[in-house]
$ cat run-v8.pdb   # PDB, C-alpha atoms
MODEL        1
ATOM      1  CA  LEU A  10     249.449 361.362  77.253
ATOM      2  CA  MET A  11     245.672 361.393  76.828
ATOM      3  CA  ASP A  12     243.631 364.560  76.998
ATOM      4  CA  LYS A  13     240.337 365.187  78.828
ATOM      5  CA  PRO A  14     238.095 364.416  75.833
ATOM      6  CA  THR A  15     239.803 361.037  75.486
ATOM      7  CA  ALA A  16     239.444 360.366  79.213
ATOM      8  CA  ARG A  17     235.748 361.237  79.007
ATOM      9  CA  LEU A  18     235.299 358.816  76.105
ATOM     10  CA  MET A  19     237.092 356.122  78.093
ATOM     11  CA  LYS A  20     234.730 356.696  81.000
ATOM     12  CA  GLN A  21     231.688 356.733  78.708
ATOM     13  CA  TYR A  22     232.629 353.385  77.160
ATOM     14  CA  GLY A  23     233.941 351.755  80.353
ATOM     15  CA  THR A  24     237.469 351.513  78.983
ATOM     16  CA  TYR A  25     240.183 350.636  81.489
ATOM     17  CA  TYR A  26     243.351 352.705  81.756
ATOM     18  CA  VAL A  27     246.402 350.709  82.845
ATOM     19  CA  PRO A  28     249.261 353.144  83.315
ATOM     20  CA  THR A  29     252.659 352.242  84.669
ATOM     21  CA  VAL A  30     253.771 355.447  86.320
ATOM     22  CA  SER A  31     256.835 353.634  87.668
ATOM     23  CA  ALA A  32     258.274 353.310  84.168
ATOM     24  CA  GLY A  33     257.965 357.044  83.601
ATOM     25  CA  GLU A  34     259.429 357.841  87.007
ATOM     26  CA  PHE A  35     262.345 355.491  86.377
ATOM     27  CA  VAL A  36     263.297 357.013  83.021
ATOM     28  CA  PHE A  37     262.795 360.522  84.445
ATOM     29  CA  GLU A  38     265.265 359.831  87.279
ATOM     30  CA  LYS A  39     267.762 358.058  85.009
ATOM     31  CA  ALA A  40     267.651 360.935  82.518
ATOM     32  CA  LYS A  41     269.167 363.121  85.228
ATOM     33  CA  GLU A  42     272.262 360.882  85.278
ATOM     34  CA  PRO A  43     274.785 362.037  82.668
ATOM     35  CA  GLY A  44     275.532 359.258  80.215
ATOM     36  CA  TYR A  45     272.696 356.910  81.224
ATOM     37  CA  PHE A  46     270.737 357.716  78.072
ATOM     38  CA  PRO A  47     272.086 359.049  74.793
ATOM     39  CA  GLU A  48     271.759 362.841  74.692
ATOM     40  CA  ILE A  49     269.078 362.639  72.014
ATOM     41  CA  VAL A  50     266.872 360.590  74.390
ATOM     42  CA  ARG A  51     267.334 362.624  77.579
ATOM     43  CA  PRO A  52     264.863 365.471  76.829
ATOM     44  CA  LYS A  53     262.016 363.045  76.118
ATOM     45  CA  ALA A  54     262.842 360.953  79.193
ATOM     46  CA  LEU A  55     262.848 364.092  81.369
ATOM     47  CA  GLU A  56     259.464 365.107  79.958
ATOM     48  CA  ILE A  57     257.624 361.781  79.965
ATOM     49  CA  GLY A  58     257.749 360.834  83.674
ATOM     50  CA  PRO A  59     255.860 363.858  84.962
ATOM     51  CA  LYS A  60     253.391 363.656  82.044
ATOM     52  CA  ILE A  61     252.483 360.043  82.822
ATOM     53  CA  LYS A  62     251.755 360.961  86.441
ATOM     54  CA  GLN A  63     249.761 364.059  85.409
ATOM     55  CA  THR A  64     247.760 362.005  82.913
ATOM     56  CA  LEU A  65     246.902 359.455  85.596
ATOM     57  CA  GLY A  66     245.742 362.216  87.942
ATOM     58  CA  MET A  67     243.565 363.750  85.243
ATOM     59  CA  ALA A  68     242.064 360.387  84.216
ATOM     60  CA  TYR A  69     241.297 359.557  87.850
ATOM     61  CA  LYS A  70     239.527 362.901  88.331
ATOM     62  CA  GLU A  71     237.533 362.243  85.142
ATOM     63  CA  GLY A  72     236.337 358.901  86.541
ATOM     64  CA  VAL A  73     238.207 356.553  84.196
ATOM     65  CA  LYS A  74     238.522 352.959  85.476
ATOM     66  CA  ILE A  75     242.164 352.513  86.463
ATOM     67  CA  ALA A  76     243.986 349.219  86.926
ATOM     68  CA  PHE A  77     247.466 348.729  88.349
ATOM     69  CA  GLY A  78     250.146 348.508  85.666
ATOM     70  CA  THR A  79     253.182 346.243  85.808
ATOM     71  CA  ASP A  80     254.811 346.896  82.439
ATOM     72  CA  MET A  81     258.234 347.483  83.943
ATOM     73  CA  GLY A  82     260.692 346.578  81.231
ATOM     74  CA  VAL A  83     262.957 349.508  82.114
ATOM     75  CA  SER A  84     263.715 349.078  85.820
ATOM     76  CA  PRO A  85     264.716 346.289  88.204
ATOM     77  CA  HIS A  86     262.070 343.724  89.083
ATOM     78  CA  GLY A  87     260.675 343.626  92.607
ATOM     79  CA  GLU A  88     259.908 347.326  92.926
ATOM     80  CA  ASN A  89     256.275 347.128  91.761
ATOM     81  CA  ALA A  90     254.925 348.489  95.058
ATOM     82  CA  ASP A  91     256.417 351.871  94.151
ATOM     83  CA  GLU A  92     253.479 352.117  91.734
ATOM     84  CA  PHE A  93     251.111 352.491  94.717
ATOM     85  CA  VAL A  94     253.090 355.496  95.943
ATOM     86  CA  PHE A  95     253.140 357.108  92.492
ATOM     87  CA  MET A  96     249.407 356.534  92.024
ATOM     88  CA  VAL A  97     248.651 358.291  95.302
ATOM     89  CA  GLU A  98     251.077 361.110  94.448
ATOM     90  CA  ALA A  99     249.130 361.511  91.191
ATOM     91  CA  GLY A 100     245.946 362.108  93.185
ATOM     92  CA  MET A 101     244.369 358.696  93.710
ATOM     93  CA  LYS A 102     242.984 357.818  97.115
ATOM     94  CA  PRO A 103     244.998 354.995  98.711
ATOM     95  CA  ILE A 104     241.977 352.668  98.724
ATOM     96  CA  ASP A 105     241.457 353.257  95.003
ATOM     97  CA  ALA A 106     245.120 352.455  94.307
ATOM     98  CA  ILE A 107     244.664 349.198  96.246
ATOM     99  CA  PHE A 108     241.473 348.399  94.304
ATOM    100  CA  ALA A 109     243.374 349.153  91.069
ATOM    101  CA  ALA A 110     245.807 346.350  91.953
ATOM    102  CA  THR A 111     243.185 343.892  93.185
ATOM    103  CA  SER A 112     239.531 343.899  92.159
ATOM    104  CA  VAL A 113     239.890 346.263  89.172
ATOM    105  CA  ALA A 114     242.922 344.358  87.856
ATOM    106  CA  ALA A 115     240.918 341.125  88.183
ATOM    107  CA  GLU A 116     238.077 342.723  86.176
ATOM    108  CA  VAL A 117     240.499 343.711  83.411
ATOM    109  CA  LEU A 118     241.720 340.121  83.209
ATOM    110  CA  ASN A 119     238.173 338.729  83.431
ATOM    111  CA  GLN A 120     239.145 336.760  86.543
ATOM    112  CA  LYS A 121     236.008 336.577  88.651
ATOM    113  CA  ASP A 122     237.628 334.484  91.414
ATOM    114  CA  LEU A 123     240.442 336.979  92.065
ATOM    115  CA  GLY A 124     240.755 340.449  93.543
ATOM    116  CA  LYS A 125     238.417 340.215  96.541
ATOM    117  CA  ILE A 126     238.447 338.676  99.979
ATOM    118  CA  LYS A 127     235.256 336.673 100.316
ATOM    119  CA  LYS A 128     233.967 333.103 100.373
ATOM    120  CA  GLY A 129     234.650 331.208  97.162
ATOM    121  CA  MET A 130     237.701 333.222  96.163
ATOM    122  CA  LYS A 131     241.212 331.790  95.717
ATOM    123  CA  ALA A 132     242.654 333.095  99.012
ATOM    124  CA  ASP A 133     245.583 334.959  97.471
ATOM    125  CA  ILE A 134     246.280 337.500 100.207
ATOM    126  CA  VAL A 135     249.120 339.725 101.319
ATOM    127  CA  ALA A 136     249.364 341.740 104.511
ATOM    128  CA  VAL A 137     251.641 344.693 105.130
ATOM    129  CA  ASP A 138     253.280 346.186 108.193
ATOM    130  CA  GLY A 139     251.053 349.202 108.746
ATOM    131  CA  ASN A 140     247.898 350.827 107.464
ATOM    132  CA  PRO A 141     248.143 351.531 103.709
ATOM    133  CA  LEU A 142     245.143 353.853 103.907
ATOM    134  CA  LYS A 143     247.237 356.177 106.079
ATOM    135  CA  ASP A 144     250.627 355.513 104.460
ATOM    136  CA  ILE A 145     250.524 353.799 101.081
ATOM    137  CA  SER A 146     254.293 353.203 101.175
ATOM    138  CA  VAL A 147     253.759 350.340 103.649
ATOM    139  CA  THR A 148     252.733 348.282 100.602
ATOM    140  CA  LYS A 149     256.496 347.860 100.177
ATOM    141  CA  LYS A 150     256.662 346.030 103.526
ATOM    142  CA  VAL A 151     254.842 342.747 102.909
ATOM    143  CA  VAL A 152     254.870 340.567 106.037
ATOM    144  CA  PHE A 153     252.327 337.882 105.100
ATOM    145  CA  VAL A 154     251.693 336.015 101.847
ATOM    146  CA  MET A 155     249.004 333.407 101.167
ATOM    147  CA  LYS A 156     248.462 331.826  97.737
ATOM    148  CA  ASP A 157     245.556 329.461  97.083
ATOM    149  CA  GLY A 158     245.082 329.238 100.848
ATOM    150  CA  VAL A 159     248.693 328.166 101.535
ATOM    151  CA  VAL A 160     250.790 330.489 103.715
ATOM    152  CA  TYR A 161     254.213 331.182 102.190
ATOM    153  CA  LYS A 162     255.356 334.037 104.404
ATOM    154  CA  GLN A 163     254.313 335.119 107.868
ATOM    155  CA  PRO A 164     255.764 337.072 110.774
ATOM    156  CA  GLU A 165     257.975 335.028 113.045
TER     157      GLU A 165
ENDMDL
END
$ encode --input "run-v8.pdb" --output "structure tokens"
Amino acid sequence: LMDKPTARLMKQYGTYYVPTVSAGEFVFEKAKEPGYFPEIVRPKALEIGPKIKQTLGMAYKEGVKIAFGTDMGVSPHGENADEFVFMVEAGMKPIDAIFAATSVAAEVLNQKDLGKIKKGMKADIVAVDGNPLKDISVTKKVVFVMKDGVVYKQPE
């Protein structure tokens, strides 16, 4: 719910913004279901989802550093890749959404050996079925997983 002056200050000071648009989208959709939330909560839930996405789009345009958020206490686990889709819908370029989840997220956590594919890194890699730069939703179709150089999932 930040405004442009706040976003500009964040950019000026190199502050990271870690939204979780998925949480807002989840409560927005559930607020449409009668009885899911108490009536007193529904108006705020209907308002917040679109605002979170709009705020992300504005912050991105203002040049704020954005990292991928995973604070998903409101929806089922395992749907984190939806965040990529919401980030792109908010106006981020697909490559910047991918960087938000990899190298920028590693920066936020001060993890210098994570977030990039190059010699000396941990070799934590996923591959998807398709080109996420053309269709970010393919991030939901992981076909290969390597952790610390050990392959845990690969196409048959």
$ residues_around --input "run-v8.pdb" --residues "Val50 (chain A)" --least-positions-apart "3" --cutoff "12 Å" --atoms "all atoms listed in the file" --output "VMD selection string"
chain A and resid 36 to 37 39 to 41 43 to 47 53 to 57
$ write_last_selection --input "run-v8.pdb" --atoms "C-alpha atoms" --output "compact mmCIF listing (two decimals), keeping the file's coordinate frame"
# COMPACT_ATOMS: atom_id res chain seq x y z
CA VAL A 36 263.30 357.01 83.02
CA PHE A 37 262.80 360.52 84.44
CA LYS A 39 267.76 358.06 85.01
CA ALA A 40 267.65 360.94 82.52
CA LYS A 41 269.17 363.12 85.23
CA PRO A 43 274.79 362.04 82.67
CA GLY A 44 275.53 359.26 80.22
CA TYR A 45 272.70 356.91 81.22
CA PHE A 46 270.74 357.72 78.07
CA PRO A 47 272.09 359.05 74.79
CA LYS A 53 262.02 363.04 76.12
CA ALA A 54 262.84 360.95 79.19
CA LEU A 55 262.85 364.09 81.37
CA GLU A 56 259.46 365.11 79.96
CA ILE A 57 257.62 361.78 79.96
$ residues_near_point --input "run-v8.pdb" --point "(250.5, 360.6, 86.9)" --cutoff "12 Å" --atoms "all atoms listed in the file" --output "PyMOL selection string"
chain A and resi 10-11+26-34+57-70+75+92-101
$ residues_around --input "run-v8.pdb" --residues "Thr24 (chain A)" --least-positions-apart "4" --cutoff "10 Å" --atoms "all atoms listed in the file" --output "ChimeraX atom specification"
/A:16-20,73-75,117
$ residues_around --input "run-v8.pdb" --residues "region 150-154 of chain A" --least-positions-apart "2" --cutoff "7 Å" --atoms "only C-alpha atoms" --output "JSON, numbers by chain"
{"A": [134, 135, 136, 137, 138, 147, 148, 156, 160, 161, 162, 163, 164]}
$ atom_distance --input "run-v8.pdb" --atom1 "CA of Gly72 (chain A)" --atom2 "CA of Pro103 (chain A)"
15.4 Å
$ atom_distance --input "run-v8.pdb" --atom1 "CA of Glu88 (chain A)" --atom2 "CA of Lys149 (chain A)"
8.0 Å
$ closest_residue --input "run-v8.pdb" --among "A:Ile49, A:Lys13, A:Ala106, A:Tyr22" --to "Ile145 (chain A)" --atoms "all atoms listed in the file"
A:Ala106
$ closest_residue --input "run-v8.pdb" --among "A:Asp157, A:Glu71, A:Glu48, A:Glu38" --to "Val83 (chain A)" --atoms "all atoms listed in the file"
A:Glu38
$ resolve_selection --input "run-v8.pdb" --expression "the PyMOL selection byres ((chain A and resi 119-126) around 12)" --output "list in words"
Ala76, Phe77, Ile107, Phe108, Ala109, Ala110, Thr111, Ser112, Val113, Ala114, Ala115, Glu116, Val117, Leu118, Lys127, Lys128, Gly129, Met130, Lys131, Ala132, Asp133, Ile134, Val135, Met155, Lys156, Asp157 and Gly158 of chain A
$ write_last_selection --input "run-v8.pdb" --atoms "C-alpha atoms" --output "PDB file, in the coordinates of the input"
ATOM      1  CA  ALA A  76     243.986 349.219  86.926  1.00  0.00           C
ATOM      2  CA  PHE A  77     247.466 348.729  88.349  1.00  0.00           C
ATOM      3  CA  ILE A 107     244.664 349.198  96.246  1.00  0.00           C
ATOM      4  CA  PHE A 108     241.473 348.399  94.304  1.00  0.00           C
ATOM      5  CA  ALA A 109     243.374 349.153  91.069  1.00  0.00           C
ATOM      6  CA  ALA A 110     245.807 346.350  91.953  1.00  0.00           C
ATOM      7  CA  THR A 111     243.185 343.892  93.185  1.00  0.00           C
ATOM      8  CA  SER A 112     239.531 343.899  92.159  1.00  0.00           C
ATOM      9  CA  VAL A 113     239.890 346.263  89.172  1.00  0.00           C
ATOM     10  CA  ALA A 114     242.922 344.358  87.856  1.00  0.00           C
ATOM     11  CA  ALA A 115     240.918 341.125  88.183  1.00  0.00           C
ATOM     12  CA  GLU A 116     238.077 342.723  86.176  1.00  0.00           C
ATOM     13  CA  VAL A 117     240.499 343.711  83.411  1.00  0.00           C
ATOM     14  CA  LEU A 118     241.720 340.121  83.209  1.00  0.00           C
ATOM     15  CA  LYS A 127     235.256 336.673 100.316  1.00  0.00           C
ATOM     16  CA  LYS A 128     233.967 333.103 100.373  1.00  0.00           C
ATOM     17  CA  GLY A 129     234.650 331.208  97.162  1.00  0.00           C
ATOM     18  CA  MET A 130     237.701 333.222  96.163  1.00  0.00           C
ATOM     19  CA  LYS A 131     241.212 331.790  95.717  1.00  0.00           C
ATOM     20  CA  ALA A 132     242.654 333.095  99.012  1.00  0.00           C
ATOM     21  CA  ASP A 133     245.583 334.959  97.471  1.00  0.00           C
ATOM     22  CA  ILE A 134     246.280 337.500 100.207  1.00  0.00           C
ATOM     23  CA  VAL A 135     249.120 339.725 101.319  1.00  0.00           C
ATOM     24  CA  MET A 155     249.004 333.407 101.167  1.00  0.00           C
ATOM     25  CA  LYS A 156     248.462 331.826  97.737  1.00  0.00           C
ATOM     26  CA  ASP A 157     245.556 329.461  97.083  1.00  0.00           C
ATOM     27  CA  GLY A 158     245.082 329.238 100.848  1.00  0.00           C
TER      28      GLY A 158
END
$ closest_residue --input "run-v8.pdb" --among "A:Pro85, A:Ile104, A:Pro52, A:Glu165" --to "Asp144 (chain A)" --atoms "all atoms listed in the file"
A:Ile104
$ build_atoms --input "run-v8.pdb" --residues "region 78-95 of chain A" --atoms "N, CA, C and O atoms" --output "PDB file, keeping the file's coordinate frame"
ATOM      1  N   GLY A  78     249.291 348.940  86.753  1.00  0.00           N
ATOM      2  CA  GLY A  78     250.146 348.508  85.666  1.00  0.00           C
ATOM      3  C   GLY A  78     251.432 347.880  86.166  1.00  0.00           C
ATOM      4  O   GLY A  78     251.959 348.262  87.208  1.00  0.00           O
ATOM      5  N   THR A  79     251.924 346.900  85.427  1.00  0.00           N
ATOM      6  CA  THR A  79     253.182 346.243  85.808  1.00  0.00           C
ATOM      7  C   THR A  79     254.130 346.117  84.618  1.00  0.00           C
ATOM      8  O   THR A  79     255.008 345.274  84.621  1.00  0.00           O
ATOM      9  N   ASP A  80     253.973 346.944  83.628  1.00  0.00           N
ATOM     10  CA  ASP A  80     254.811 346.896  82.439  1.00  0.00           C
ATOM     11  C   ASP A  80     256.139 347.583  82.739  1.00  0.00           C
ATOM     12  O   ASP A  80     256.372 348.722  82.369  1.00  0.00           O
ATOM     13  N   MET A  81     257.000 346.879  83.440  1.00  0.00           N
ATOM     14  CA  MET A  81     258.234 347.483  83.943  1.00  0.00           C
ATOM     15  C   MET A  81     259.471 346.947  83.253  1.00  0.00           C
ATOM     16  O   MET A  81     260.368 346.429  83.897  1.00  0.00           O
ATOM     17  N   GLY A  82     259.535 347.073  81.954  1.00  0.00           N
ATOM     18  CA  GLY A  82     260.692 346.578  81.231  1.00  0.00           C
ATOM     19  C   GLY A  82     261.924 347.446  81.378  1.00  0.00           C
ATOM     20  O   GLY A  82     262.985 347.085  80.894  1.00  0.00           O
ATOM     21  N   VAL A  83     261.813 348.591  82.054  1.00  0.00           N
ATOM     22  CA  VAL A  83     262.957 349.508  82.114  1.00  0.00           C
ATOM     23  C   VAL A  83     263.667 349.533  83.451  1.00  0.00           C
ATOM     24  O   VAL A  83     264.766 350.050  83.540  1.00  0.00           O
ATOM     25  N   SER A  84     263.079 348.995  84.501  1.00  0.00           N
ATOM     26  CA  SER A  84     263.715 349.078  85.820  1.00  0.00           C
ATOM     27  C   SER A  84     263.837 347.691  86.438  1.00  0.00           C
ATOM     28  O   SER A  84     263.272 346.722  85.930  1.00  0.00           O
ATOM     29  N   PRO A  85     264.541 347.597  87.562  1.00  0.00           N
ATOM     30  CA  PRO A  85     264.716 346.289  88.204  1.00  0.00           C
ATOM     31  C   PRO A  85     263.382 345.709  88.679  1.00  0.00           C
ATOM     32  O   PRO A  85     262.488 346.436  89.110  1.00  0.00           O
ATOM     33  N   HIS A  86     263.267 344.400  88.598  1.00  0.00           N
ATOM     34  CA  HIS A  86     262.070 343.724  89.083  1.00  0.00           C
ATOM     35  C   HIS A  86     262.032 343.781  90.611  1.00  0.00           C
ATOM     36  O   HIS A  86     263.052 343.945  91.263  1.00  0.00           O
ATOM     37  N   GLY A  87     260.835 343.654  91.159  1.00  0.00           N
ATOM     38  CA  GLY A  87     260.675 343.626  92.607  1.00  0.00           C
ATOM     39  C   GLY A  87     260.352 344.973  93.226  1.00  0.00           C
ATOM     40  O   GLY A  87     260.229 345.080  94.440  1.00  0.00           O
ATOM     41  N   GLU A  88     260.206 345.992  92.407  1.00  0.00           N
ATOM     42  CA  GLU A  88     259.908 347.326  92.926  1.00  0.00           C
ATOM     43  C   GLU A  88     258.502 347.780  92.543  1.00  0.00           C
ATOM     44  O   GLU A  88     258.193 348.971  92.561  1.00  0.00           O
ATOM     45  N   ASN A  89     257.623 346.815  92.233  1.00  0.00           N
ATOM     46  CA  ASN A  89     256.275 347.128  91.761  1.00  0.00           C
ATOM     47  C   ASN A  89     255.466 347.941  92.765  1.00  0.00           C
ATOM     48  O   ASN A  89     254.608 348.722  92.367  1.00  0.00           O
ATOM     49  N   ALA A  90     255.707 347.763  94.051  1.00  0.00           N
ATOM     50  CA  ALA A  90     254.925 348.489  95.058  1.00  0.00           C
ATOM     51  C   ALA A  90     255.144 349.993  94.985  1.00  0.00           C
ATOM     52  O   ALA A  90     254.307 350.760  95.474  1.00  0.00           O
ATOM     53  N   ASP A  91     256.221 350.422  94.358  1.00  0.00           N
ATOM     54  CA  ASP A  91     256.417 351.871  94.151  1.00  0.00           C
ATOM     55  C   ASP A  91     255.232 352.461  93.385  1.00  0.00           C
ATOM     56  O   ASP A  91     254.901 353.628  93.552  1.00  0.00           O
ATOM     57  N   GLU A  92     254.609 351.642  92.536  1.00  0.00           N
ATOM     58  CA  GLU A  92     253.479 352.117  91.734  1.00  0.00           C
ATOM     59  C   GLU A  92     252.360 352.643  92.634  1.00  0.00           C
ATOM     60  O   GLU A  92     251.706 353.635  92.306  1.00  0.00           O
ATOM     61  N   PHE A  93     252.130 352.003  93.782  1.00  0.00           N
ATOM     62  CA  PHE A  93     251.111 352.491  94.717  1.00  0.00           C
ATOM     63  C   PHE A  93     251.420 353.927  95.145  1.00  0.00           C
ATOM     64  O   PHE A  93     250.547 354.787  95.171  1.00  0.00           O
ATOM     65  N   VAL A  94     252.673 354.163  95.493  1.00  0.00           N
ATOM     66  CA  VAL A  94     253.090 355.496  95.943  1.00  0.00           C
ATOM     67  C   VAL A  94     252.877 356.515  94.833  1.00  0.00           C
ATOM     68  O   VAL A  94     252.312 357.595  95.051  1.00  0.00           O
ATOM     69  N   PHE A  95     253.286 356.177  93.614  1.00  0.00           N
ATOM     70  CA  PHE A  95     253.140 357.108  92.492  1.00  0.00           C
ATOM     71  C   PHE A  95     251.671 357.370  92.166  1.00  0.00           C
ATOM     72  O   PHE A  95     251.300 358.488  91.809  1.00  0.00           O
TER      73      PHE A  95
END
